[in-house]
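Asks: My questions will all concern the structure given below.
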Amino acid sequence: MDLWRRIVSNVPVPGAQVVSRIAGLLRLVGRSAEGMPLSVLVRESGLTRPTVHRLLSSLASEGLLDHDPGSGNWVLGPEILLMGSVASARFPLEDIARPSLRRLSEATGESAFFSIRRGSETVCLLREEGSFPVRSFVLHEGVRFPLGVASAGTAIMAFLPEAEQEELLGDWAGHAGMFAPGHREDLVRANLDQTRLKGYSVNPGLVLEGSWGMGAAVFDQAGRPAWALSLTGIEPRFKPERQEELGGLLMAEAHRITQQLGGSAQGDRLR
């Protein structure tokens, strides 16, 4: 029985659990350039310390991870860089998104970001620093948030089919995890409604007090929200009288990228 038949028939795939654990550890380490210490990896993964250490050591022997003797952290290894370089040829998102990020940061003075949807999360791929000297450091390359959390995740989730939204909201506490206390379900639903109404999302310091963000979805060829542009900064820079201006800039650049990626008219209509 081939892999696909195993999947659709719910027959366990040999080694699938190990692959899932390895992928989870790589994602955890990849949250930041500084990596992550063993103790945090054990806590975040939910695996036993011996299991985590064994998997990390195996990944290091293959060049996928390194152990930094100075900090004691586990960091991404050189093989990851090589794989990323090869994969980037298939996904020329840097060439397409970077000009939009630069225009946004130059026009607003805020830091601009480009994130991708990965399952029930968003992952920040690109960043362009703004000129305003006081910045928010909540978001940077590799940071992951559950859909519906932070401005990019709200912008994407708001334009998903209603059934997909309700599936996430149905187990909101489990989905949002550590962010659930600051993102009550009723508040998230209200934010999603406002995002659909205005076309852009606003995160009023829900992830970190005083750190605000705004986002706009980018649509794929099927008209589904697959990426998002966002701006982050301190609260005084996101007063209501400025939000409409920032939202308009975000939506214009999101529309530009949607067109460059061959996004469908459905995406344009939703926006």
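Ordering of the structure tokens sets the chain letters (A, B, ...), residue numbers begin anew at 1 in every chain, and ligands are numbered from 1 in the order given.
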Please, which residues of segment 50-266 of chain A, numbered as in this document, come out helix (DSSP H, G or I) from DSSP, as a PyMOL selection string?
Replies: chain A and resi 50-61+78-88+93-108+150-157+162-170+172-179+185-198+235-238+240-260+265-266
Asks: Set the distance at 10 Å and use only C-alpha atoms: which residues neighbour Leu26 of chain A once local chain neighbours fewer than 2 positions away are removed? I'd like the list as a PyMOL selection string.
Replies: chain A and resi 20-24+28-31+35+41+56+59+64-65+74-76+80
Asks: Quick one, how far is atom CA of Val188 of chain A from atom CA of Pro146 of chain A?
Replies: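 Taking atom CA of Val188 of chain A and atom CA of Pro146 of chain A, their separation equals 12.0 Å.
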Asks: Enumerate as a ChimeraX atom specification all residues of segment 109-203 of chain A assigned to strand (DSSP E) by DSSP on the backbone, naming them with the chain letters and numbers the document uses.
Replies: /A:111-118,121-128,144-146,201-203
Asks: Name all residues at most 9 Å from Phe159 of chain A (count only C-alpha atoms; drop same-chain ones fewer than 2 positions away) and give them as an MDAnalysis selection string.
Replies: chainID A and resid 154:157 161:162 165 192 195:196 217 224:225 267 270:271
Asks: Considering only C-alpha atoms, can you say which of A:Glu129, A:Asp171, A:Glu235, A:Gly72 comes closest to Ser105 of chain A?
Replies: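 Closest to Ser105 of chain A, using only C-alpha atoms: A:Glu129.
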Asks: So which one's closest to Arg102 of chain A, A:Gly77, A:Gly177, A:Pro240, A:Gly130? Using only C-alpha atoms, please.
Replies: A:Gly130
Asks: Between A:Gly233, A:Phe238, A:Pro78, A:Ala150, which residue has the minimum interatomic distance to Ser211 of chain A, considering only C-alpha atoms?
Replies: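 Closest to Ser211 of chain A of all the choices is A:Gly233.
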Asks: Need the shell around Leu206 of chain A: protein/DNA/RNA residues with any atom at most 9 Å away, counting only C-alpha atoms. Skip same-chain ones fewer than 5 positions apart. Format as a list in words?
Replies: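 In the requested format, the answer is Val149, Ala150, Phe179, Gly182, His183, Ser211 and Trp212 of chain A.
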Asks: Rounded to one decimal in Å, what is the spacing between atom CA of Leu169 of chain A and atom CA of Arg27 of chain A?
Replies: 23.8 Å
Asks: Which is closest to Arg127 of chain A among A:Gly210, A:Gly174, A:Gly148, A:Pro99, if we use only C-alpha atoms?
Replies: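 Once distances to Arg127 of chain A are computed over only C-alpha atoms, the minimum belongs to A:Pro99.
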Asks: With only C-alpha atoms as the counted atoms, please give the residues lying no more than 12 Å from Gly109 of chain A, apart from itself and same-chain residues fewer than 4 positions off, as an MDAnalysis selection string.
Replies: chainID A and resid 101:105 128:135 231:234 237:238 246
Asks: Taking only C-alpha atoms into account, name the residue in A:Leu187, A:Leu197, A:Val42, A:Val202 that is nearest to Arg242 of chain A.
Replies: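 With only C-alpha atoms as the atom set, the closest residue is A:Val202.
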Asks: Write out as a compact mmCIF listing (two decimals) with all heavy atoms, in the first residue's frame which residues come within 8 Å of Val123 of chain A when counting only C-alpha atoms, dropping same-chain ones fewer than 4 positions away.
Replies:
```
# COMPACT_ATOMS: atom_id res chain seq x y z
N SER A 115 4.19 37.46 5.88
CA SER A 115 3.99 36.17 6.55
C SER A 115 3.25 35.21 5.64
O SER A 115 2.50 35.62 4.76
CB SER A 115 3.20 36.35 7.85
OG SER A 115 3.87 37.21 8.75
N ILE A 116 3.45 33.92 5.89
CA ILE A 116 2.80 32.88 5.11
C ILE A 116 1.93 32.02 6.03
O ILE A 116 2.26 31.85 7.21
CB ILE A 116 3.86 31.99 4.40
CG1 ILE A 116 3.18 30.99 3.46
CG2 ILE A 116 4.73 31.27 5.41
CD1 ILE A 116 4.17 30.21 2.60
N ARG A 117 0.84 31.52 5.49
CA ARG A 117 0.04 30.57 6.26
C ARG A 117 0.64 29.19 6.12
O ARG A 117 0.94 28.73 5.03
CB ARG A 117 -1.41 30.55 5.75
CG ARG A 117 -2.25 29.53 6.52
CD ARG A 117 -3.60 29.27 5.90
NE ARG A 117 -4.32 28.25 6.65
CZ ARG A 117 -5.47 27.70 6.29
NH1 ARG A 117 -6.05 28.09 5.16
NH2 ARG A 117 -6.05 26.77 7.02
N ARG A 118 0.81 28.52 7.27
CA ARG A 118 1.24 27.13 7.30
C ARG A 118 0.28 26.38 8.20
O ARG A 118 0.37 26.44 9.42
CB ARG A 118 2.68 27.01 7.82
CG ARG A 118 3.73 27.57 6.90
CD ARG A 118 3.92 26.73 5.66
NE ARG A 118 4.45 25.42 5.97
CZ ARG A 118 4.32 24.35 5.20
NH1 ARG A 118 3.64 24.44 4.07
NH2 ARG A 118 4.85 23.19 5.55
N GLU A 141 11.59 37.33 11.60
CA GLU A 141 11.59 36.15 10.75
C GLU A 141 11.58 34.86 11.59
O GLU A 141 12.34 34.73 12.54
CB GLU A 141 12.83 36.14 9.84
CG GLU A 141 12.85 37.25 8.81
CD GLU A 141 13.62 38.46 9.28
OE1 GLU A 141 13.63 38.72 10.51
OE2 GLU A 141 14.23 39.15 8.43
N GLY A 142 10.70 33.95 11.20
CA GLY A 142 10.61 32.66 11.88
C GLY A 142 9.57 32.59 12.98
O GLY A 142 9.23 31.49 13.44
N VAL A 143 9.05 33.73 13.41
CA VAL A 143 8.06 33.72 14.48
C VAL A 143 6.74 33.15 13.97
O VAL A 143 6.29 33.49 12.88
CB VAL A 143 7.84 35.14 15.03
CG1 VAL A 143 6.63 35.18 15.97
CG2 VAL A 143 9.08 35.60 15.78
N ARG A 144 6.13 32.30 14.78
CA ARG A 144 4.87 31.66 14.43
C ARG A 144 3.77 32.10 15.40
O ARG A 144 4.01 32.24 16.60
CB ARG A 144 5.00 30.12 14.50
CG ARG A 144 5.96 29.54 13.49
CD ARG A 144 6.22 28.08 13.76
NE ARG A 144 7.11 27.52 12.75
CZ ARG A 144 6.71 26.87 11.67
NH1 ARG A 144 5.42 26.64 11.47
NH2 ARG A 144 7.57 26.40 10.79
N PHE A 145 2.59 32.33 14.84
CA PHE A 145 1.42 32.63 15.65
C PHE A 145 0.26 31.77 15.16
O PHE A 145 0.15 31.50 13.95
CB PHE A 145 1.02 34.10 15.54
CG PHE A 145 1.93 35.05 16.26
CD1 PHE A 145 2.69 35.98 15.56
CD2 PHE A 145 2.02 35.04 17.65
CE1 PHE A 145 3.52 36.86 16.23
CE2 PHE A 145 2.85 35.92 18.32
CZ PHE A 145 3.60 36.83 17.61
```
